[in-house]
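Q: Below is the file model33.cif, with mmCIF, C-alpha atoms (C1' of nucleotides).
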```
data_entry
loop_
_atom_site.label_atom_id
_atom_site.label_comp_id
_atom_site.auth_asym_id
_atom_site.auth_seq_id
_atom_site.Cartn_x
_atom_site.Cartn_y
_atom_site.Cartn_z
CA MET A 1 77.56 57.94 143.67
CA ALA A 2 81.29 57.96 144.18
CA ARG A 3 84.60 58.67 142.53
CA GLN A 4 85.25 57.80 138.93
CA LYS A 5 88.34 56.32 137.37
CA ASP A 6 90.68 58.96 136.08
CA ASP A 7 91.78 58.68 132.47
CA ILE A 8 94.75 60.94 133.08
CA LYS A 9 95.91 58.61 135.82
CA ARG A 10 95.47 55.64 133.50
CA GLU A 11 97.62 57.40 130.93
CA LYS A 12 100.27 58.11 133.56
CA ILE A 13 100.34 54.42 134.44
CA LEU A 14 100.81 53.43 130.81
CA ASP A 15 103.51 56.07 130.33
CA ALA A 16 105.34 54.82 133.38
CA ALA A 17 105.18 51.24 132.16
CA ARG A 18 106.46 52.09 128.69
CA GLN A 19 109.30 54.20 129.99
CA LEU A 20 110.39 51.56 132.47
CA VAL A 21 110.33 48.88 129.79
CA ILE A 22 112.54 50.94 127.54
CA ASN A 23 114.99 51.89 130.27
CA THR A 24 115.31 48.60 132.06
CA GLY A 25 113.69 45.93 129.91
CA PHE A 26 110.53 43.91 130.21
CA THR A 27 112.03 41.51 132.72
CA SER A 28 112.80 44.27 135.17
CA LEU A 29 109.34 45.78 134.97
CA ARG A 30 107.95 45.67 138.52
CA MET A 31 104.42 46.70 139.41
CA ALA A 32 105.77 48.58 142.43
CA GLU A 33 108.03 50.64 140.18
CA VAL A 34 105.26 51.36 137.70
CA ALA A 35 103.17 52.62 140.58
CA GLN A 36 105.93 54.79 141.97
CA LYS A 37 106.77 56.30 138.58
CA ALA A 38 103.09 56.95 137.88
CA GLY A 39 102.67 58.53 141.32
CA VAL A 40 100.10 56.10 142.65
CA ALA A 41 100.02 53.28 145.17
CA THR A 42 100.67 49.73 144.04
CA GLY A 43 97.15 48.68 144.82
CA THR A 44 95.75 51.40 142.61
CA LEU A 45 97.15 49.70 139.53
CA TYR A 46 94.63 46.95 140.21
CA THR A 47 91.63 49.25 140.11
CA TYR A 48 92.67 50.08 136.56
CA TYR A 49 93.92 46.67 135.45
CA LYS A 50 93.14 43.20 136.66
CA SER A 51 96.74 42.05 136.23
CA LYS A 52 100.19 43.00 135.04
CA GLU A 53 99.47 41.20 131.81
CA ALA A 54 96.32 43.24 131.24
CA LEU A 55 98.20 46.46 131.88
CA ILE A 56 100.94 45.61 129.40
CA ASN A 57 98.46 44.50 126.78
CA ASP A 58 96.54 47.74 127.13
CA ALA A 59 99.75 49.69 126.74
CA TYR A 60 100.25 47.86 123.46
CA ILE A 61 96.75 48.27 122.13
CA THR A 62 96.40 51.96 122.87
CA THR A 63 99.85 52.82 121.55
CA LYS A 64 99.41 50.83 118.38
CA LYS A 65 96.05 52.47 117.76
CA GLU A 66 97.62 55.88 118.17
CA ILE A 67 100.25 54.99 115.57
CA ILE A 68 97.72 53.63 113.10
CA GLU A 69 95.58 56.72 113.42
CA LEU A 70 98.59 58.86 112.71
CA LEU A 71 99.55 56.85 109.63
CA THR A 72 96.08 56.76 108.15
CA ASP A 73 95.29 60.42 108.68
CA PRO A 74 93.93 61.71 105.34
CA VAL A 75 95.87 64.92 105.85
CA HIS A 76 98.91 63.21 104.34
CA ILE A 77 97.34 62.60 100.95
CA GLU A 78 98.76 64.63 98.06
CA GLN A 79 98.56 64.58 94.29
CA THR A 80 101.49 62.22 93.74
CA THR A 81 102.30 58.91 95.37
CA TYR A 82 105.78 60.21 96.07
CA LEU A 83 104.54 63.14 98.08
CA THR A 84 101.90 61.13 99.94
CA LEU A 85 104.42 58.51 100.95
CA LYS A 86 106.89 61.18 101.96
CA ASN A 87 104.30 62.79 104.20
CA VAL A 88 103.41 59.51 105.87
CA TRP A 89 107.07 58.61 106.27
CA MET A 90 107.92 61.98 107.80
CA ALA A 91 104.96 61.85 110.15
CA TYR A 92 106.02 58.40 111.37
CA PHE A 93 109.64 59.39 111.67
CA TYR A 94 108.83 62.41 113.80
CA PHE A 95 106.42 60.41 115.91
CA CYS A 96 109.07 57.80 116.64
CA HIS A 97 111.61 60.46 117.38
CA LYS A 98 109.31 62.26 119.77
CA ASN A 99 107.99 59.06 121.38
CA PRO A 100 110.78 56.51 121.32
CA ASP A 101 109.24 54.81 124.31
CA LYS A 102 106.01 54.21 122.42
CA MET A 103 107.74 53.00 119.28
CA LEU A 104 110.11 50.71 121.12
CA PHE A 105 107.42 49.36 123.41
CA VAL A 106 105.31 48.33 120.45
CA GLU A 107 108.31 46.78 118.73
CA GLN A 108 109.36 44.84 121.82
CA PHE A 109 105.92 43.75 122.94
CA ILE A 110 105.85 40.58 120.85
CA TYR A 111 108.87 39.26 122.75
CA SER A 112 107.62 40.36 126.14
CA GLY A 113 106.05 37.09 127.15
CA TYR A 114 102.87 38.94 128.15
CA ILE A 115 101.06 38.71 124.85
CA ASP A 116 97.41 37.97 124.66
CA GLU A 117 97.77 36.38 121.21
CA THR A 118 94.27 37.28 120.07
CA ILE A 119 94.82 41.01 120.00
CA ILE A 120 97.82 41.37 117.72
CA GLU A 121 96.25 40.69 114.34
CA LYS A 122 93.10 42.55 115.22
CA VAL A 123 94.97 45.76 115.92
CA ASP A 124 97.23 45.40 112.89
CA GLU A 125 94.33 45.33 110.46
CA GLY A 126 94.24 49.12 110.43
CA LEU A 127 97.61 49.15 108.68
CA TYR A 128 96.19 47.95 105.37
CA GLU A 129 95.22 51.54 104.63
CA VAL A 130 98.84 52.55 104.49
CA PHE A 131 99.80 49.75 102.14
CA LYS A 132 97.24 51.02 99.70
CA TYR A 133 99.43 54.04 99.00
CA VAL A 134 102.26 51.67 98.12
CA GLU A 135 100.07 49.47 95.94
CA LYS A 136 98.81 52.54 94.11
CA GLY A 137 102.43 53.43 93.35
CA GLN A 138 103.01 49.93 92.01
CA LYS A 139 100.05 50.20 89.66
CA GLU A 140 101.38 53.53 88.41
CA GLY A 141 104.68 51.80 87.64
CA ILE A 142 106.54 54.11 90.02
CA ILE A 143 107.28 51.58 92.74
CA LYS A 144 109.00 48.20 92.36
CA ASN A 145 106.82 45.15 91.90
CA ALA A 146 108.25 43.33 94.93
CA PRO A 147 105.94 41.66 97.45
CA ILE A 148 104.27 44.25 99.61
CA GLU A 149 105.80 42.98 102.84
CA LEU A 150 109.31 43.49 101.45
CA LEU A 151 108.49 47.06 100.64
CA GLN A 152 107.02 47.54 104.07
CA ALA A 153 110.20 46.24 105.66
CA GLN A 154 112.26 48.67 103.59
CA ILE A 155 110.13 51.55 104.77
CA GLN A 156 109.73 50.92 108.47
CA ALA A 157 112.74 48.91 109.59
CA PRO A 158 115.38 51.55 108.91
CA ILE A 159 113.32 54.16 110.75
CA HIS A 160 113.20 52.00 113.85
CA ASP A 161 116.91 51.26 113.67
CA ILE A 162 117.81 54.90 113.21
CA ILE A 163 115.61 56.06 116.08
CA LYS A 164 117.27 53.53 118.37
CA LEU A 165 120.63 54.84 117.28
CA ILE A 166 119.70 58.49 117.75
CA HIS A 167 118.36 57.62 121.15
CA LYS A 168 121.43 55.64 122.16
CA LYS A 169 124.18 57.82 120.78
CA GLN A 170 122.41 61.16 121.12
CA ILE A 171 122.94 62.10 117.51
CA LYS A 172 121.25 65.41 116.80
CA LEU A 173 118.81 65.49 113.92
CA THR A 174 119.15 67.94 111.05
CA LYS A 175 116.74 68.47 108.17
CA ASN A 176 119.50 67.20 105.92
CA TYR A 177 119.95 64.01 107.92
CA ILE A 178 116.25 63.19 107.81
CA ASP A 179 115.97 63.98 104.12
CA SER A 180 118.81 61.67 103.23
CA CYS A 181 117.11 58.92 105.24
CA PHE A 182 113.97 59.29 103.21
CA GLN A 183 115.91 59.55 99.98
CA MET A 184 117.48 56.15 100.64
CA THR A 185 114.14 54.57 101.36
CA TRP A 186 112.63 56.09 98.24
CA ASP A 187 115.53 54.87 96.12
CA ALA A 188 114.96 51.39 97.52
CA LEU A 189 111.29 51.48 96.56
CA LYS A 190 111.25 53.28 93.24
CA GLN A 191 111.15 51.39 89.96
CA MET V 1 141.07 13.63 138.35
CA ALA V 2 137.37 13.75 137.58
CA ARG V 3 134.81 14.69 134.99
CA GLN V 4 135.22 17.76 132.86
CA LYS V 5 132.64 20.25 131.78
CA ASP V 6 131.11 19.35 128.47
CA ASP V 7 131.13 22.01 125.78
CA ILE V 8 128.41 20.25 123.85
CA LYS V 9 126.21 20.41 126.92
CA ARG V 10 127.00 24.08 127.34
CA GLU V 11 125.95 24.65 123.75
CA LYS V 12 122.71 22.76 124.35
CA ILE V 13 121.98 25.00 127.31
CA LEU V 14 122.54 28.12 125.24
CA ASP V 15 120.43 26.75 122.39
CA ALA V 16 117.62 25.96 124.79
CA ALA V 17 117.76 29.45 126.28
CA ARG V 18 117.70 31.16 122.89
CA GLN V 19 114.84 29.07 121.58
CA LEU V 20 112.76 29.62 124.69
CA VAL V 21 113.35 33.35 124.53
CA ILE V 22 112.17 33.50 120.94
CA ASN V 23 109.14 31.31 121.54
CA THR V 24 107.91 32.69 124.81
CA GLY V 25 109.79 35.93 125.48
CA PHE V 26 112.48 36.90 127.94
CA THR V 27 110.03 37.32 130.79
CA SER V 28 108.86 33.73 130.54
CA LEU V 29 112.36 32.31 130.48
CA ARG V 30 112.58 29.98 133.48
CA MET V 31 115.74 28.20 134.53
CA ALA V 32 113.75 25.00 135.04
CA GLU V 33 112.53 25.13 131.46
CA VAL V 34 115.98 25.83 130.08
CA ALA V 35 117.24 22.78 131.95
CA GLN V 36 114.43 20.59 130.69
CA LYS V 37 114.83 21.69 127.09
CA ALA V 38 118.60 21.20 127.30
CA GLY V 39 118.13 17.76 128.84
CA VAL V 40 119.91 18.44 132.14
CA ALA V 41 118.92 19.00 135.75
CA THR V 42 118.23 22.51 137.00
CA GLY V 43 121.20 22.38 139.30
CA THR V 44 123.51 21.54 136.41
CA LEU V 45 122.91 24.96 134.90
CA TYR V 46 124.76 26.32 137.89
CA THR V 47 127.90 24.29 137.28
CA TYR V 48 128.11 26.04 133.92
CA TYR V 49 126.89 29.49 134.92
CA LYS V 50 126.86 31.26 138.25
CA SER V 51 123.47 32.85 137.58
CA LYS V 52 120.68 33.29 135.08
CA GLU V 53 122.14 36.65 134.18
CA ALA V 54 125.52 35.09 133.43
CA LEU V 55 123.90 32.46 131.23
CA ILE V 56 121.98 35.00 129.20
CA ASN V 57 125.00 37.22 128.83
CA ASP V 58 127.07 34.31 127.58
CA ALA V 59 124.37 33.43 125.08
CA TYR V 60 124.69 36.98 123.80
CA ILE V 61 128.47 37.12 123.65
CA THR V 62 128.98 33.80 121.91
CA THR V 63 126.22 34.39 119.39
CA LYS V 64 127.37 37.88 118.56
CA LYS V 65 130.93 36.63 118.09
CA GLU V 66 129.69 33.96 115.71
CA ILE V 67 127.91 36.61 113.66
CA ILE V 68 130.88 38.92 113.56
CA GLU V 69 133.18 36.12 112.45
CA LEU V 70 130.78 35.30 109.66
CA LEU V 71 130.58 38.90 108.50
CA THR V 72 134.30 39.53 108.56
CA ASP V 73 135.31 36.30 106.83
CA PRO V 74 137.77 37.31 104.06
CA VAL V 75 136.15 34.76 101.78
CA HIS V 76 133.53 37.37 100.89
CA ILE V 77 136.00 39.81 99.36
CA GLU V 78 135.77 40.29 95.59
CA GLN V 79 137.10 42.73 93.00
CA THR V 80 134.22 45.17 93.25
CA THR V 81 132.58 46.75 96.26
CA TYR V 82 129.22 45.73 94.87
CA LEU V 83 130.11 42.05 94.80
CA THR V 84 131.82 42.10 98.18
CA LEU V 85 128.83 43.75 99.80
CA LYS V 86 126.50 41.36 98.07
CA ASN V 87 128.43 38.39 99.40
CA VAL V 88 128.41 39.72 102.95
CA TRP V 89 124.71 40.59 102.70
CA MET V 90 123.82 37.13 101.37
CA ALA V 91 125.89 35.40 104.02
CA TYR V 92 124.14 37.36 106.74
CA PHE V 93 120.73 36.83 105.22
CA TYR V 94 121.20 33.09 105.05
CA PHE V 95 122.60 32.98 108.57
CA CYS V 96 119.56 34.81 109.94
CA HIS V 97 117.23 32.61 107.98
CA LYS V 98 118.88 29.45 109.22
CA ASN V 99 119.28 30.69 112.80
CA PRO V 100 116.38 33.00 113.52
CA ASP V 101 116.73 32.21 117.21
CA LYS V 102 120.29 33.50 117.23
CA MET V 103 119.48 36.63 115.26
CA LEU V 104 116.42 37.47 117.31
CA PHE V 105 118.10 36.71 120.61
CA VAL V 106 120.88 39.14 119.82
CA GLU V 107 118.41 41.77 118.68
CA GLN V 108 116.25 41.39 121.79
CA PHE V 109 119.05 41.11 124.31
CA ILE V 110 119.38 44.86 124.86
CA TYR V 111 115.82 44.99 126.13
CA SER V 112 116.08 41.85 128.22
CA GLY V 113 116.90 43.53 131.50
CA TYR V 114 119.79 41.12 131.98
CA ILE V 115 122.50 43.20 130.33
CA ASP V 116 125.94 43.45 131.77
CA GLU V 117 126.48 46.89 130.24
CA THR V 118 130.23 46.52 129.91
CA ILE V 119 130.12 43.80 127.32
CA ILE V 120 128.03 45.31 124.58
CA GLU V 121 130.47 47.81 123.14
CA LYS V 122 133.38 45.46 123.51
CA VAL V 123 131.74 42.78 121.39
CA ASP V 124 130.49 45.27 118.81
CA GLU V 125 133.99 46.54 118.01
CA GLY V 126 134.49 43.67 115.59
CA LEU V 127 131.85 45.15 113.32
CA TYR V 128 134.08 48.01 112.19
CA GLU V 129 135.62 45.64 109.66
CA VAL V 130 132.35 45.38 107.82
CA PHE V 131 131.82 49.12 107.67
CA LYS V 132 135.16 49.43 105.90
CA TYR V 133 133.66 47.83 102.80
CA VAL V 134 130.98 50.50 102.84
CA GLU V 135 133.47 53.32 103.37
CA LYS V 136 135.54 52.00 100.51
CA GLY V 137 132.48 52.22 98.28
CA GLN V 138 131.93 55.81 99.40
CA LYS V 139 135.49 56.77 98.47
CA GLU V 140 134.98 55.20 95.06
CA GLY V 141 131.90 57.35 94.60
CA ILE V 142 129.67 54.30 94.25
CA ILE V 143 127.86 54.58 97.56
CA LYS V 144 125.98 57.59 98.92
CA ASN V 145 127.81 59.96 101.20
CA ALA V 146 125.34 59.57 104.07
CA PRO V 147 126.55 58.98 107.62
CA ILE V 148 127.76 55.42 108.00
CA GLU V 149 125.16 54.52 110.64
CA LEU V 150 122.35 55.41 108.26
CA LEU V 151 123.79 53.13 105.62
CA GLN V 152 124.19 50.39 108.21
CA ALA V 153 120.54 50.74 109.19
CA GLN V 154 119.49 50.44 105.55
CA ILE V 155 121.49 47.25 105.21
CA GLN V 156 120.66 45.33 108.35
CA ALA V 157 117.24 46.50 109.50
CA PRO V 158 115.25 45.21 106.52
CA ILE V 159 116.94 41.82 106.80
CA HIS V 160 115.85 41.48 110.41
CA ASP V 161 112.33 42.58 109.61
CA ILE V 162 112.01 40.20 106.69
CA ILE V 163 113.34 37.24 108.64
CA LYS V 164 110.81 37.91 111.38
CA LEU V 165 108.11 37.98 108.75
CA ILE V 166 109.24 34.80 107.04
CA HIS V 167 109.37 33.13 110.40
CA LYS V 168 105.94 34.35 111.47
CA LYS V 169 104.02 33.88 108.25
CA GLN V 170 105.97 30.92 106.89
CA ILE V 171 106.66 32.57 103.57
CA LYS V 172 108.86 30.34 101.46
CA LEU V 173 112.06 31.81 100.12
CA THR V 174 112.88 31.82 96.45
CA LYS V 175 116.10 32.98 94.81
CA ASN V 176 114.05 35.69 93.18
CA TYR V 177 112.64 36.90 96.48
CA ILE V 178 116.07 37.17 98.05
CA ASP V 179 117.57 38.89 95.03
CA SER V 180 114.90 41.54 95.02
CA CYS V 181 115.57 42.15 98.71
CA PHE V 182 119.21 42.79 97.99
CA GLN V 183 118.39 44.89 94.95
CA MET V 184 116.32 47.22 97.10
CA THR V 185 119.08 47.59 99.64
CA TRP V 186 121.63 48.25 96.93
CA ASP V 187 119.40 50.86 95.33
CA ALA V 188 119.11 52.56 98.70
CA LEU V 189 122.89 52.67 99.09
CA LYS V 190 124.16 53.41 95.62
CA GLN V 191 125.02 56.93 94.55
"C1'" DT F 1 140.74 -1.95 138.84
"C1'" DG F 2 139.99 1.14 142.39
"C1'" DC F 3 140.43 5.87 144.12
"C1'" DT F 4 139.66 10.71 143.63
"C1'" DT F 5 137.08 14.43 142.40
"C1'" DA F 6 134.08 17.25 139.96
"C1'" DA F 7 129.85 16.90 137.23
"C1'" DG F 8 125.08 15.87 137.62
"C1'" DC F 9 120.87 15.57 140.10
"C1'" DG F 10 116.36 17.52 141.91
"C1'" DA F 11 113.87 18.36 146.13
"C1'" DA F 12 114.15 21.92 149.58
"C1'" DT F 13 114.94 26.72 150.45
"C1'" DA F 14 115.43 31.56 149.86
"C1'" DA F 15 114.26 35.56 147.39
"C1'" DT F 16 111.62 38.07 144.77
"C1'" DT F 17 107.47 40.21 143.40
"C1'" DA F 18 102.47 40.11 141.90
"C1'" DT F 19 98.22 40.51 144.11
"C1'" DT F 20 94.95 41.06 147.88
"C1'" DC F 21 92.39 43.37 151.38
"C1'" DA F 22 91.17 46.02 155.52
"C1'" DT F 23 91.15 50.72 156.03
"C1'" DT F 24 91.12 55.57 154.64
"C1'" DT F 25 89.95 59.27 151.52
"C1'" DA F 26 87.49 61.77 148.08
"C1'" DT F 27 83.77 62.41 144.82
"C1'" DT F 28 79.12 62.33 143.47
"C1'" DT F 29 74.37 63.11 144.18
"C1'" DG F 30 69.91 63.72 146.54
"C1'" DC U 1 75.56 69.11 153.78
"C1'" DA U 2 75.44 64.24 154.68
"C1'" DA U 3 75.11 59.61 153.02
"C1'" DA U 4 76.69 56.37 149.79
"C1'" DT U 5 80.03 54.36 147.22
"C1'" DA U 6 84.07 53.55 144.70
"C1'" DA U 7 88.88 54.98 144.31
"C1'" DA U 8 93.25 55.06 146.73
"C1'" DT U 9 96.51 53.25 149.97
"C1'" DG U 10 100.37 50.15 151.31
"C1'" DA U 11 101.39 46.50 154.49
"C1'" DA U 12 100.51 41.61 154.54
"C1'" DT U 13 100.06 37.54 151.84
"C1'" DA U 14 100.38 34.32 148.15
"C1'" DA U 15 102.65 32.72 144.29
"C1'" DT U 16 106.33 32.21 141.60
"C1'" DT U 17 110.89 30.97 140.55
"C1'" DA U 18 116.11 31.41 141.08
"C1'" DT U 19 119.48 29.21 143.67
"C1'" DT U 20 121.45 26.00 147.00
"C1'" DC U 21 123.07 21.68 148.84
"C1'" DG U 22 123.47 16.87 150.36
"C1'" DC U 23 123.77 13.09 147.76
"C1'" DT U 24 124.81 10.09 143.58
"C1'" DT U 25 127.23 9.08 139.41
"C1'" DA U 26 130.85 8.73 136.30
"C1'" DA U 27 135.20 10.43 134.06
"C1'" DG U 28 140.08 10.60 134.56
"C1'" DC U 29 144.22 8.79 136.33
"C1'" DA U 30 147.66 5.84 138.98
#
```
Write the structure described by the file as structure tokens, please.
A:
Amino acid sequence: MARQKDDIKREKILDAARQLVINTGFTSLRMAEVAQKAGVATGTLYTYYKSKEALINDAYITTKKEIIELLTDPVHIEQTTYLTLKNVWMAYFYFCHKNPDKMLFVEQFIYSGYIDETIIEKVDEGLYEVFKYVEKGQKEGIIKNAPIELLQAQIQAPIHDIIKLIHKKQIKLTKNYIDSCFQMTWDALKQ
Amino acid sequence: MARQKDDIKREKILDAARQLVINTGFTSLRMAEVAQKAGVATGTLYTYYKSKEALINDAYITTKKEIIELLTDPVHIEQTTYLTLKNVWMAYFYFCHKNPDKMLFVEQFIYSGYIDETIIEKVDEGLYEVFKYVEKGQKEGIIKNAPIELLQAQIQAPIHDIIKLIHKKQIKLTKNYIDSCFQMTWDALKQ
DNA sequence: TGCTTAAGCGAATAATTATTCATTTATTTG
DNA sequence: CAAATAAATGAATAATTATTCGCTTAAGCA
């Protein structure tokens, strides 16, 4: 037959899109720039995606899936709820630090104006797994009995804020710095 | 002479812009829609602002100033650091709850692609006042000795996340709910 | 009350940018 | 190795949308 679509090229396109969004905002995201940054011609974008909207939505879906897989990896599970949560928290923190473009893209996507509304809840379902660790801690009387979404906000929101800060002000990370972040979150959660 | 520009109309324009951004994203913000929502003609926008960029930047500056004035209002000051911080936190929480469009607009602005870079730091200077309450608590040995920006993240990020949630899922607020939010934040901060 | 002048209007225009498509290039397979 | 076919290209086109401008309206002032 003939040539096949190249998954590495697709990934380069998504990377380019995410990076451009983070550097210059969703409004300034131009298909021509995505193509240039990805090292392909503008027209090529349309053999991989039927529209700009489809491209952006795919960038969301694939990135979110990657994050959920990371968070629900059984490798984090330990004997105590404290240690399990710490592992998950650390894994997410490092992921965000290493991939600020992915984290920020996912966070910003909802306000992009390109949302295909149907996909958001579907993708988010995978997160329930993570909440189970928190609910387990509640049953054990270790974690506060607040509504689960409040606890979730206490866990994830500061991470995002701190990563933005690190990124913006080029603060360098020390073990100490990260540990005191987690300590604050744990103090917020614990009974 | 002749007619004067109408500050109420200007406010309506800014309101319209903020609401549209929150409902449909920055990318879908069209001058024609802003005009319609504000109840003026498209051309009128240009007697108030020389460009779309100028309009959006003004929406940012004025909103951010409003927030900073709220946070630095001396009325919040009490005998103890705990009570002062609680007052400021509550004031900000209620503001965000009542004006989610203002809070979200300010939060999203950085990623809008319309930033006039020079203004951001200038406007943010006013926030130092608020950090002083936190630093005071550190000197008193009441608040953890973590870097100030980490403490700031612990304070503000969960509020933003929770307001988004309330807005999205139409959770109804109870006194209890709000108090347990603040309790978590305080536990995160306190020594 | 009438004159002056800037606000207000919105259709027409200019600019911008997503998408298409005729052509070229490269991969697959018999 | 050659034929078949789909990917890749990027200039041309279509679509979208910010901005302008000639005209109308109304606020301020003598």
Q: Any idea what's packed within 12 Å of segment 170-185 of chain A, counting all atoms listed in the file, ignoring anything in its chain fewer than 5 positions away? Could you give it as JSON, numbers by chain?
A: {"A": [82, 83, 85, 86, 87, 88, 89, 90, 91, 92, 93, 94, 97, 98, 143, 151, 152, 153, 154, 155, 156, 157, 158, 159, 160, 161, 162, 163, 164, 165, 190], "V": [143, 144, 145, 146, 147, 148, 149, 150, 151, 152, 153, 154, 155, 157, 158, 184, 185, 186, 187, 188, 189, 190, 191]}
Q: So which one's closest to chain V, A:Tyr49, A:Tyr128, A:Tyr133, A:Phe109? Using only C-alpha atoms, please.
A: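 Closest to chain V, using only C-alpha atoms: A:Phe109.
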Q: Please compute the atom C1' of DT24 of chain F-atom CA of Thr47 of chain A distance, one decimal, in Å.
A: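 Those two atoms sit 15.9 Å apart.
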Q: Please report as JSON lines every residue of chain U lying within 12 Å of segment 7-19 of chain F, along with the nearest atom pair and their distance in Å (one decimal), using all atoms listed in the file.
A:
```
{"residue": "U:DA12", "atom": "C1'", "partner": "F:DT19", "partner_atom": "C1'", "distance": 10.7}
{"residue": "U:DT13", "atom": "C1'", "partner": "F:DT19", "partner_atom": "C1'", "distance": 8.5}
{"residue": "U:DA14", "atom": "C1'", "partner": "F:DT19", "partner_atom": "C1'", "distance": 7.7}
{"residue": "U:DA15", "atom": "C1'", "partner": "F:DA18", "partner_atom": "C1'", "distance": 7.8}
{"residue": "U:DT16", "atom": "C1'", "partner": "F:DT17", "partner_atom": "C1'", "distance": 8.3}
{"residue": "U:DT17", "atom": "C1'", "partner": "F:DT16", "partner_atom": "C1'", "distance": 8.3}
{"residue": "U:DA18", "atom": "C1'", "partner": "F:DA15", "partner_atom": "C1'", "distance": 7.8}
{"residue": "U:DT19", "atom": "C1'", "partner": "F:DA14", "partner_atom": "C1'", "distance": 7.8}
{"residue": "U:DT20", "atom": "C1'", "partner": "F:DT13", "partner_atom": "C1'", "distance": 7.4}
{"residue": "U:DC21", "atom": "C1'", "partner": "F:DA12", "partner_atom": "C1'", "distance": 9.0}
{"residue": "U:DG22", "atom": "C1'", "partner": "F:DA11", "partner_atom": "C1'", "distance": 10.6}
{"residue": "U:DC23", "atom": "C1'", "partner": "F:DC9", "partner_atom": "C1'", "distance": 8.6}
{"residue": "U:DT24", "atom": "C1'", "partner": "F:DC9", "partner_atom": "C1'", "distance": 7.6}
{"residue": "U:DT25", "atom": "C1'", "partner": "F:DG8", "partner_atom": "C1'", "distance": 7.3}
{"residue": "U:DA26", "atom": "C1'", "partner": "F:DA7", "partner_atom": "C1'", "distance": 8.3}
{"residue": "U:DA27", "atom": "C1'", "partner": "F:DA7", "partner_atom": "C1'", "distance": 9.0}
```
Q: Translate the PyMOL selection byres ((chain V and resi 12) around 12), as applied to the file shown, into an explicit residue set as a list in words.
A: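 For this structure, the PyMOL selection byres ((chain V and resi 12) around 12) captures Asp6, Asp7, Ile8, Lys9, Arg10, Glu11, Ile13, Leu14, Asp15, Ala16, Ala17, Arg18, Gln19, Val34, Ala35, Gln36, Lys37, Ala38, Gly39, Val40, Leu45, Tyr48, Leu55 and Ala59 of chain V.
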Q: Between atom CA of Phe131 of chain V and atom CA of Val75 of chain V, what distance in Å does the model show, to one decimal?
A: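 Interatomic distance, atom CA of Phe131 of chain V to atom CA of Val75 of chain V: 16.1 Å.
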Q: Atom C1' of DT27 of chain F to atom CA of Thr42 of chain A: how many Å, to one decimal?
A: 21.1 Å
Q: Tell me the residues of chain A close to chain F, meaning within 10 Å using all atoms listed in the file, as a ChimeraX atom specification.
A: /A:1-4,30-32,42-43,46,50-52
Q: If the PyMOL selection byres ((chain U) within 8 of (chain A)) were run on this exact file, what residues would it hold? Put them as a VMD selection string.
A: chain U and resid 4 to 10
Q: Rank V:Asp58, V:Glu107, V:Glu78, V:Glu33 by their smallest atom-to-atom distance to chain A, using all atoms listed in the file, and report the top residue only.
A: V:Glu107
Q: Could you tell me, as a ChimeraX atom specification, exactly which residues end up selected when the PyMOL selection byres ((chain V and resi 118-125) around 8) is applied to this structure?
A: /V:61,64-65,116-117,126-128
Q: Draw an axis-aligned box over all listed atoms of segment 5-13 of chain F, pad each side with 3 Å, and write its centre and edge lengths in Å, one decimal, as AutoDock Vina command-line options.
A:
```
--center_x 125.5 --center_y 20.6 --center_z 143.8 --size_x 29.2 --size_y 18.3 --size_z 19.2
```
